[in-house]
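J.: To be precise about what I am sending: the file is called data.cif and holds mmCIF, C-alpha atoms.
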```cif
data_protein
loop_
_atom_site.label_atom_id
_atom_site.label_comp_id
_atom_site.auth_asym_id
_atom_site.auth_seq_id
_atom_site.Cartn_x
_atom_site.Cartn_y
_atom_site.Cartn_z
CA MET A 1 13.62 3.67 -15.74
CA TRP A 2 13.79 0.17 -17.23
CA GLU A 3 17.56 0.04 -16.76
CA GLU A 4 17.31 1.34 -13.16
CA VAL A 5 14.67 -1.25 -12.27
CA GLN A 6 16.76 -4.06 -13.75
CA GLU A 7 19.89 -2.82 -11.93
CA THR A 8 18.01 -2.78 -8.63
CA VAL A 9 16.47 -6.20 -9.25
CA SER A 10 19.88 -7.66 -10.10
CA TYR A 11 21.37 -6.25 -6.89
CA ILE A 12 18.54 -7.64 -4.73
CA LYS A 13 18.74 -11.05 -6.41
CA SER A 14 22.50 -11.16 -5.83
CA LYS A 15 21.92 -10.51 -2.12
CA THR A 16 18.91 -12.79 -1.59
CA ASN A 17 18.43 -15.31 -4.43
CA PHE A 18 14.76 -15.12 -3.42
CA VAL A 19 11.66 -15.17 -5.67
CA PRO A 20 8.61 -13.80 -3.79
CA GLU A 21 5.03 -14.42 -4.89
CA TYR A 22 3.51 -11.74 -2.64
CA GLY A 23 4.53 -8.14 -2.16
CA VAL A 24 3.25 -6.22 0.88
CA ILE A 25 3.51 -2.44 1.38
CA LEU A 26 3.04 -1.52 5.03
CA GLY A 27 1.53 1.84 5.94
CA SER A 28 1.77 4.07 9.01
CA GLY A 29 1.76 2.10 12.25
CA LEU A 30 1.52 -1.27 10.48
CA GLY A 31 5.22 -2.12 10.22
CA SER A 32 5.11 -4.94 12.79
CA PHE A 33 3.52 -7.26 10.23
CA THR A 34 7.06 -8.43 9.54
CA ASP A 35 6.94 -10.25 12.92
CA ASP A 36 4.64 -12.74 11.17
CA ILE A 37 7.24 -13.47 8.50
CA GLN A 38 9.88 -16.16 8.85
CA ILE A 39 12.58 -13.71 7.80
CA GLU A 40 15.41 -14.84 5.54
CA PHE A 41 16.86 -11.51 4.39
CA THR A 42 16.53 -7.83 5.32
CA LEU A 43 17.81 -5.05 3.05
CA PRO A 44 17.72 -1.43 4.33
CA TYR A 45 16.54 0.99 1.65
CA ASN A 46 19.74 3.02 1.89
CA GLU A 47 21.73 -0.01 0.68
CA ILE A 48 19.55 -0.69 -2.37
CA PRO A 49 20.63 1.02 -5.63
CA ASN A 50 18.19 3.64 -7.00
CA PHE A 51 15.87 3.32 -3.98
CA PRO A 52 14.47 6.38 -2.22
CA VAL A 53 14.68 6.52 1.59
CA SER A 54 11.57 6.79 3.80
CA THR A 55 11.58 9.95 5.91
CA VAL A 56 8.31 9.55 7.83
CA GLN A 57 7.98 8.54 11.47
CA GLY A 58 6.41 5.07 11.69
CA HIS A 59 8.05 3.92 8.45
CA LYS A 60 11.17 1.87 9.25
CA GLY A 61 12.76 1.72 5.81
CA ALA A 62 13.70 -1.84 4.80
CA MET A 63 12.73 -4.64 2.42
CA VAL A 64 12.10 -7.87 4.31
CA PHE A 65 12.17 -11.25 2.54
CA GLY A 66 10.80 -14.46 4.00
CA THR A 67 7.91 -16.88 4.19
CA ILE A 68 4.41 -17.01 5.64
CA GLY A 69 3.48 -20.68 5.68
CA ASP A 70 4.59 -21.96 2.30
CA LYS A 71 4.26 -18.58 0.55
CA LYS A 72 7.28 -16.43 -0.27
CA VAL A 73 6.81 -12.76 0.62
CA VAL A 74 8.66 -9.47 0.30
CA ALA A 75 7.41 -6.72 2.62
CA MET A 76 8.24 -3.04 2.52
CA GLN A 77 8.59 -1.62 6.02
CA GLY A 78 7.71 1.93 5.10
CA ARG A 79 6.63 3.44 1.81
CA PHE A 80 7.44 6.66 -0.04
CA HIS A 81 5.09 9.60 -0.46
CA PHE A 82 4.78 12.39 -2.99
CA TYR A 83 4.73 14.94 -0.14
CA GLU A 84 8.26 13.87 0.89
CA GLY A 85 9.50 15.56 -2.27
CA TYR A 86 9.78 12.45 -4.41
CA SER A 87 8.35 12.22 -7.91
CA MET A 88 5.54 9.75 -8.51
CA LYS A 89 7.98 7.60 -10.47
CA GLN A 90 10.22 7.41 -7.38
CA VAL A 91 7.22 6.76 -5.11
CA THR A 92 6.17 3.78 -7.22
CA PHE A 93 9.66 2.53 -8.13
CA PRO A 94 9.56 -0.29 -5.52
CA VAL A 95 6.37 -1.69 -7.10
CA ARG A 96 8.22 -1.98 -10.41
CA VAL A 97 11.09 -3.71 -8.65
CA MET A 98 8.80 -6.16 -6.83
CA LYS A 99 7.18 -7.16 -10.13
CA TYR A 100 10.55 -8.10 -11.62
CA LEU A 101 11.63 -9.92 -8.48
CA GLY A 102 8.72 -12.28 -9.20
CA VAL A 103 5.79 -10.78 -7.27
CA GLN A 104 2.39 -11.67 -8.72
CA LYS A 105 0.09 -10.30 -5.99
CA LEU A 106 0.44 -6.98 -4.16
CA ILE A 107 -1.13 -6.10 -0.80
CA VAL A 108 -1.17 -2.40 0.12
CA SER A 109 -2.10 -1.09 3.57
CA ASN A 110 -2.55 2.42 4.92
CA ALA A 111 -3.94 4.58 7.70
CA SER A 112 -6.73 6.88 6.54
CA GLY A 113 -9.32 9.38 7.66
CA GLY A 114 -12.93 8.24 7.55
CA VAL A 115 -15.98 10.13 6.27
CA ASN A 116 -18.41 7.19 6.11
CA PRO A 117 -20.74 7.54 9.13
CA ASN A 118 -20.69 3.74 9.58
CA TYR A 119 -16.97 3.91 10.37
CA VAL A 120 -15.33 4.60 13.73
CA VAL A 121 -11.68 5.00 14.68
CA GLY A 122 -10.17 1.52 14.33
CA THR A 123 -12.51 0.31 11.57
CA ILE A 124 -10.76 -1.99 9.10
CA VAL A 125 -11.76 -1.17 5.53
CA ILE A 126 -11.23 -3.46 2.54
CA LEU A 127 -10.81 -1.17 -0.45
CA LYS A 128 -13.08 -1.83 -3.42
CA ASP A 129 -12.15 1.22 -5.53
CA HIS A 130 -10.25 4.49 -5.42
CA ILE A 131 -10.43 8.09 -6.60
CA ASN A 132 -7.18 9.65 -7.79
CA MET A 133 -6.84 13.32 -6.83
CA MET A 134 -3.05 13.37 -6.62
CA PRO A 135 -1.43 16.31 -8.46
CA GLU A 136 0.94 14.12 -10.52
CA HIS A 137 0.17 10.83 -12.27
CA PRO A 138 2.69 7.98 -11.93
CA LEU A 139 2.26 7.04 -15.61
CA ASN A 140 2.84 10.59 -16.85
CA GLY A 141 5.40 10.87 -19.64
CA LYS A 142 6.63 8.43 -22.29
CA ASN A 143 5.26 4.92 -21.76
CA ASP A 144 7.62 1.94 -21.77
CA GLU A 145 5.63 -0.95 -23.24
CA ARG A 146 7.92 -3.42 -21.45
CA PHE A 147 6.21 -2.40 -18.20
CA GLY A 148 2.65 -2.20 -19.51
CA PRO A 149 0.22 -0.50 -21.92
CA ARG A 150 -0.11 3.25 -22.48
CA PHE A 151 -3.77 3.25 -21.39
CA VAL A 152 -4.55 1.10 -18.38
CA ASN A 153 -8.01 -0.32 -17.68
CA MET A 154 -8.79 0.75 -14.08
CA SER A 155 -12.32 -0.68 -13.89
CA SER A 156 -11.17 -3.04 -11.11
CA PRO A 157 -8.11 -1.56 -9.39
CA PHE A 158 -8.54 -4.04 -6.53
CA SER A 159 -8.93 -7.77 -7.18
CA LYS A 160 -12.53 -8.88 -6.72
CA ASN A 161 -11.36 -12.43 -6.01
CA MET A 162 -8.97 -11.26 -3.28
CA ILE A 163 -11.69 -9.05 -1.77
CA ALA A 164 -14.14 -11.97 -1.65
CA LYS A 165 -11.54 -14.26 -0.07
CA ALA A 166 -10.54 -11.63 2.51
CA LYS A 167 -14.17 -11.10 3.54
CA GLU A 168 -14.66 -14.85 3.89
CA LEU A 169 -11.52 -15.13 6.02
CA ALA A 170 -12.45 -12.11 8.15
CA PHE A 171 -15.80 -13.70 8.95
CA GLY A 172 -14.11 -16.93 10.00
CA LEU A 173 -11.58 -15.05 12.15
CA ASP A 174 -14.31 -12.89 13.73
CA ILE A 175 -12.64 -9.74 12.38
CA LYS A 176 -15.15 -7.00 11.58
CA VAL A 177 -14.49 -5.35 8.24
CA GLN A 178 -16.23 -2.79 6.07
CA ASP A 179 -15.60 -2.07 2.43
CA GLY A 180 -15.07 1.35 0.94
CA ILE A 181 -13.67 3.72 -1.64
CA TYR A 182 -10.35 5.46 -0.91
CA LEU A 183 -9.56 8.95 -2.16
CA GLY A 184 -5.91 9.94 -2.53
CA LEU A 185 -4.77 13.51 -1.81
CA GLN A 186 -1.25 14.91 -1.80
CA GLY A 187 -0.82 15.84 1.90
CA PRO A 188 1.14 16.29 4.11
CA THR A 189 -1.52 18.39 5.84
CA PHE A 190 -4.49 16.57 7.30
CA GLU A 191 -7.74 17.56 5.60
CA THR A 192 -9.79 20.56 6.59
CA LEU A 193 -13.40 19.99 7.58
CA ALA A 194 -14.47 21.39 4.21
CA GLU A 195 -12.11 18.98 2.43
CA TYR A 196 -13.51 16.03 4.39
CA LYS A 197 -16.99 17.12 3.25
CA MET A 198 -15.70 17.28 -0.33
CA VAL A 199 -14.32 13.73 -0.04
CA LYS A 200 -17.74 12.50 1.07
CA ILE A 201 -19.58 14.41 -1.68
CA LEU A 202 -17.25 12.89 -4.30
CA GLY A 203 -18.34 9.42 -3.21
CA ALA A 204 -15.37 8.21 -1.16
CA ASP A 205 -15.49 6.62 2.29
CA CYS A 206 -11.95 7.41 3.43
CA VAL A 207 -9.03 9.62 2.46
CA GLY A 208 -5.27 9.39 2.66
CA MET A 209 -1.93 10.43 1.18
CA SER A 210 -0.69 7.18 -0.39
CA THR A 211 -1.78 3.89 -2.01
CA VAL A 212 -3.36 5.26 -5.21
CA PRO A 213 -0.06 5.73 -7.13
CA GLU A 214 1.18 2.27 -6.11
CA VAL A 215 -2.08 0.63 -7.16
CA ILE A 216 -2.05 2.40 -10.54
CA VAL A 217 1.48 1.17 -11.25
CA ALA A 218 0.61 -2.33 -10.03
CA ARG A 219 -2.30 -2.46 -12.46
CA HIS A 220 -0.07 -1.06 -15.23
CA MET A 221 2.03 -4.21 -14.79
CA ASN A 222 -0.99 -6.50 -14.29
CA LEU A 223 -0.30 -7.32 -10.64
CA GLU A 224 -3.31 -8.65 -8.76
CA THR A 225 -3.85 -6.04 -6.04
CA PHE A 226 -5.54 -5.89 -2.63
CA GLY A 227 -5.91 -2.78 -0.46
CA ILE A 228 -6.74 -2.37 3.22
CA SER A 229 -7.16 0.78 5.33
CA VAL A 230 -7.32 1.37 9.06
CA ILE A 231 -9.49 4.35 9.98
CA THR A 232 -7.36 6.40 12.36
CA ASP A 233 -9.49 9.54 12.58
CA MET A 234 -12.97 10.67 11.60
CA GLY A 235 -13.48 13.78 9.50
CA ASN A 236 -16.15 15.43 11.58
CA GLU A 237 -16.40 18.48 13.81
CA GLU A 238 -16.18 16.43 17.01
CA SER A 239 -12.81 14.78 16.31
CA ILE A 240 -11.00 16.86 13.68
CA GLU A 241 -9.33 19.18 16.20
CA ASP A 242 -7.50 16.26 17.84
CA VAL A 243 -5.94 14.84 14.68
CA ASN A 244 -2.13 14.60 14.63
CA HIS A 245 0.41 12.05 13.42
CA GLU A 246 1.03 10.57 16.87
CA GLU A 247 -2.70 9.88 17.36
CA VAL A 248 -2.88 8.34 13.87
CA LEU A 249 0.00 5.98 14.69
CA LYS A 250 -1.62 5.00 18.01
CA ALA A 251 -4.94 4.22 16.33
CA ALA A 252 -3.24 2.19 13.59
CA GLN A 253 -1.17 0.23 16.10
CA LYS A 254 -4.30 -0.62 18.12
CA ALA A 255 -5.94 -2.19 15.07
CA GLU A 256 -2.71 -3.74 13.83
CA PRO A 257 -3.09 -7.24 15.36
CA GLN A 258 -6.33 -7.84 13.44
CA VAL A 259 -4.95 -6.37 10.21
CA ARG A 260 -1.85 -8.54 10.54
CA ASN A 261 -3.96 -11.62 11.15
CA LEU A 262 -6.16 -10.93 8.13
CA ILE A 263 -3.25 -10.23 5.76
CA LYS A 264 -1.39 -13.31 7.00
CA SER A 265 -4.48 -15.48 6.45
CA LEU A 266 -5.07 -14.04 2.98
CA ILE A 267 -1.49 -14.81 1.95
CA GLN A 268 -1.72 -18.36 3.34
CA ASN A 269 -5.12 -19.13 1.81
CA TYR A 270 -5.26 -17.34 -1.54
#
```
For the structure just supplied, provide its representation as structure tokens.
T.:
Amino acid sequence: MWEEVQETVSYIKSKTNFVPEYGVILGSGLGSFTDDIQIEFTLPYNEIPNFPVSTVQGHKGAMVFGTIGDKKVVAMQGRFHFYEGYSMKQVTFPVRVMKYLGVQKLIVSNASGGVNPNYVVGTIVILKDHINMMPEHPLNGKNDERFGPRFVNMSSPFSKNMIAKAKELAFGLDIKVQDGIYLGLQGPTFETLAEYKMVKILGADCVGMSTVPEVIVARHMNLETFGISVITDMGNEESIEDVNHEEVLKAAQKAEPQVRNLIKSLIQNY
């Protein structure tokens, strides 16, 4: 994988000559964040060597390079999921690439189902921890010490300093946020009512089909990481029958302006 990452990095550098400080992975319905970037380069995934291609509606499929204020940013319009048939190493490959492009801080967003009774559809959740229940681990197999250590300390998967700054900024922007624990499942099916109950019993506040592998690989390479979820459905008997991908996208897009504003402010001020 080392050689593939370096090949991809070399290609991107030859096309952009751009060294980003921030990497942003945009989840379902949150792709318009790139409107906040003063764009300098756009590279479709299908033109980038060794890159997978996003196959999910709501994920556009391009790397966007530009600035927010005086900060250099690379944003992924669309991520890759294990349920698309990719291995976890493919799913997390772009995180490796971003690290070697120069990224020091990673922001990951997603749409998720809520089980915390204090949440409603549209709640913005700053992630403070996660539970990994994916069927394959992204660090499975022989470890390459050039990327990071064999055994990764996951006591703080999300940066406490970034969380504190985001909460401070949200207060100043009058954006209501909650914090919570995210549980990652394989998908692509939405959870059954019994599975939502399981998620709650296990101590999580929300559940989704992404984010956890990317955060693990980011921590493997010592990237400072921040996670944010938009609650797009609630795992209870009243709302579970209405859950589908179109409704999830609609709910995410409704909350998107505030999420965009918060991420933009965090990049500018941290």
J.: For the structure shown, which residues end up in the PyMOL selection byres ((chain A and resi 77-83) around 8)? Put them as a PDB file with C-alpha atoms, in the frame of the given file, please?
T.:
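The result, stored in selection.pdb:
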```pdb
ATOM      1  CA  ILE A  25       3.510  -2.440   1.380  1.00  0.00           C
ATOM      2  CA  LEU A  26       3.040  -1.520   5.030  1.00  0.00           C
ATOM      3  CA  GLY A  27       1.530   1.840   5.940  1.00  0.00           C
ATOM      4  CA  SER A  28       1.770   4.070   9.010  1.00  0.00           C
ATOM      5  CA  GLY A  31       5.220  -2.120  10.220  1.00  0.00           C
ATOM      6  CA  THR A  34       7.060  -8.430   9.540  1.00  0.00           C
ATOM      7  CA  PRO A  52      14.470   6.380  -2.220  1.00  0.00           C
ATOM      8  CA  VAL A  53      14.680   6.520   1.590  1.00  0.00           C
ATOM      9  CA  SER A  54      11.570   6.790   3.800  1.00  0.00           C
ATOM     10  CA  THR A  55      11.580   9.950   5.910  1.00  0.00           C
ATOM     11  CA  GLY A  58       6.410   5.070  11.690  1.00  0.00           C
ATOM     12  CA  HIS A  59       8.050   3.920   8.450  1.00  0.00           C
ATOM     13  CA  LYS A  60      11.170   1.870   9.250  1.00  0.00           C
ATOM     14  CA  GLY A  61      12.760   1.720   5.810  1.00  0.00           C
ATOM     15  CA  ALA A  62      13.700  -1.840   4.800  1.00  0.00           C
ATOM     16  CA  MET A  63      12.730  -4.640   2.420  1.00  0.00           C
ATOM     17  CA  VAL A  64      12.100  -7.870   4.310  1.00  0.00           C
ATOM     18  CA  ALA A  75       7.410  -6.720   2.620  1.00  0.00           C
ATOM     19  CA  MET A  76       8.240  -3.040   2.520  1.00  0.00           C
ATOM     20  CA  GLU A  84       8.260  13.870   0.890  1.00  0.00           C
ATOM     21  CA  GLY A  85       9.500  15.560  -2.270  1.00  0.00           C
ATOM     22  CA  TYR A  86       9.780  12.450  -4.410  1.00  0.00           C
ATOM     23  CA  SER A  87       8.350  12.220  -7.910  1.00  0.00           C
ATOM     24  CA  MET A  88       5.540   9.750  -8.510  1.00  0.00           C
ATOM     25  CA  GLN A  90      10.220   7.410  -7.380  1.00  0.00           C
ATOM     26  CA  VAL A  91       7.220   6.760  -5.110  1.00  0.00           C
ATOM     27  CA  THR A  92       6.170   3.780  -7.220  1.00  0.00           C
ATOM     28  CA  GLN A 186      -1.250  14.910  -1.800  1.00  0.00           C
ATOM     29  CA  GLY A 187      -0.820  15.840   1.900  1.00  0.00           C
ATOM     30  CA  PRO A 188       1.140  16.290   4.110  1.00  0.00           C
ATOM     31  CA  MET A 209      -1.930  10.430   1.180  1.00  0.00           C
ATOM     32  CA  SER A 210      -0.690   7.180  -0.390  1.00  0.00           C
TER      33      SER A 210
END
```
J.: Find the residue from A:Ser265, A:Val207, A:Gly122, A:Gly227 that sits nearest to Phe171 of chain A; use all atoms listed in the file when measuring.
T.: A:Ser265
J.: As a check of understanding, name the residues that the PyMOL selection byres ((chain A and resi 42) around 9) selects in the supplied structure, as an mmCIF file with C-alpha atoms, in the coordinates of the input.
T.:
```cif
data_model
loop_
_atom_site.group_PDB
_atom_site.id
_atom_site.type_symbol
_atom_site.label_atom_id
_atom_site.label_comp_id
_atom_site.auth_asym_id
_atom_site.auth_seq_id
_atom_site.Cartn_x
_atom_site.Cartn_y
_atom_site.Cartn_z
ATOM 1 C CA THR A 16 18.910 -12.790 -1.590
ATOM 2 C CA ILE A 39 12.580 -13.710 7.800
ATOM 3 C CA GLU A 40 15.410 -14.840 5.540
ATOM 4 C CA PHE A 41 16.860 -11.510 4.390
ATOM 5 C CA LEU A 43 17.810 -5.050 3.050
ATOM 6 C CA PRO A 44 17.720 -1.430 4.330
ATOM 7 C CA ALA A 62 13.700 -1.840 4.800
ATOM 8 C CA MET A 63 12.730 -4.640 2.420
ATOM 9 C CA VAL A 64 12.100 -7.870 4.310
ATOM 10 C CA PHE A 65 12.170 -11.250 2.540
ATOM 11 C CA GLY A 66 10.800 -14.460 4.000
#
```
J.: Quick check, in Å to one decimal: how far apart do atom CA of Ser159 of chain A and atom CA of Asn222 of chain A lie?
T.: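 Interatomic distance, atom CA of Ser159 of chain A to atom CA of Asn222 of chain A: 10.7 Å.
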J.: Considering only C-alpha atoms, can you say which of A:Glu168, A:Asp70, A:Glu21, A:Glu145 comes closest to Glu224 of chain A?
T.: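 Checking each of A:Glu168, A:Asp70, A:Glu21, A:Glu145 against Glu224 of chain A, counting only C-alpha atoms, the winner is A:Glu21.
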J.: When you count all atoms listed in the file, which of these residues is closest to Asn140 of chain A: A:Lys13, A:Lys89, A:Lys197, A:Lys264?
T.: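 That would be A:Lys89, the residue with the smallest distance to Asn140 of chain A.
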J.: Have a look at A:Ile175, A:Ile48, A:Met234, A:Phe226 and name the one nearest to Phe93 of chain A; count all atoms listed in the file.
T.: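 Selected residue with least distance to Phe93 of chain A: A:Ile48.
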J.: Pick from A:Ile107, A:Ile124, A:Met1, A:Val95: nearest to Met221 of chain A, with all atoms listed in the file counted?
T.: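 Among A:Ile107, A:Ile124, A:Met1, A:Val95, it is A:Val95 that comes nearest to Met221 of chain A.
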J.: Between atom CA of Ala166 of chain A and atom CA of Leu266 of chain A, what is the distance, to one decimal in Å?
T.: 6.0 Å
J.: Give the answer as one residue: which of A:Leu223, A:Met162, A:Val125, A:Ala218 has the shortest atom-to-atom distance to Tyr182 of chain A, using all atoms listed in the file?
T.: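 Using all atoms listed in the file, Tyr182 of chain A sits closest to A:Val125.
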J.: Please evaluate the PyMOL selection byres ((chain A and resi 102-105) around 7) against the structure above and give the resulting residues as number ranges by chain.
T.: A: 19-23, 98-101, 106-107, 223-225
J.: In Å, how far is it from atom CA of Ser229 of chain A to atom CA of Asn161 of chain A?
T.: 17.9 Å
J.: Give me, as a list of chain:residue names, all polymer residues having an atom no more than 10 Å from Val121 of chain A, counting all atoms listed in the file and skipping those fewer than 2 positions away in the same chain.
T.: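 Non-adjacent residues within range: A:Ser112, A:Gly113, A:Gly114, A:Tyr119, A:Thr123, A:Ile124, A:Val230, A:Ile231, A:Thr232, A:Asp233, A:Met234, A:Ser239, A:Val248, A:Ala251, A:Ala252, A:Lys254, A:Ala255.
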J.: Since we have the selection now, will you write its residues out, keeping C-alpha atoms, as a PDB file, in the frame of the given file?
T.:
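New file selection-v8.pdb:
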```
ATOM      1  CA  SER A 112      -6.730   6.880   6.540  1.00  0.00           C
ATOM      2  CA  GLY A 113      -9.320   9.380   7.660  1.00  0.00           C
ATOM      3  CA  GLY A 114     -12.930   8.240   7.550  1.00  0.00           C
ATOM      4  CA  TYR A 119     -16.970   3.910  10.370  1.00  0.00           C
ATOM      5  CA  THR A 123     -12.510   0.310  11.570  1.00  0.00           C
ATOM      6  CA  ILE A 124     -10.760  -1.990   9.100  1.00  0.00           C
ATOM      7  CA  VAL A 230      -7.320   1.370   9.060  1.00  0.00           C
ATOM      8  CA  ILE A 231      -9.490   4.350   9.980  1.00  0.00           C
ATOM      9  CA  THR A 232      -7.360   6.400  12.360  1.00  0.00           C
ATOM     10  CA  ASP A 233      -9.490   9.540  12.580  1.00  0.00           C
ATOM     11  CA  MET A 234     -12.970  10.670  11.600  1.00  0.00           C
ATOM     12  CA  SER A 239     -12.810  14.780  16.310  1.00  0.00           C
ATOM     13  CA  VAL A 248      -2.880   8.340  13.870  1.00  0.00           C
ATOM     14  CA  ALA A 251      -4.940   4.220  16.330  1.00  0.00           C
ATOM     15  CA  ALA A 252      -3.240   2.190  13.590  1.00  0.00           C
ATOM     16  CA  LYS A 254      -4.300  -0.620  18.120  1.00  0.00           C
ATOM     17  CA  ALA A 255      -5.940  -2.190  15.070  1.00  0.00           C
TER      18      ALA A 255
END
```
J.: Dump as a list in words all residues having an atom at most 8 Å from (-13.8, 5.4, -0.4), computed in the file's coordinates with only C-alpha atoms.
T.: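 Residues close enough to count: Leu127, Lys128, Asp129, His130, Ile131, Gly180, Ile181, Tyr182, Leu183, Gly203, Ala204, Asp205, Cys206 and Val207 of chain A.
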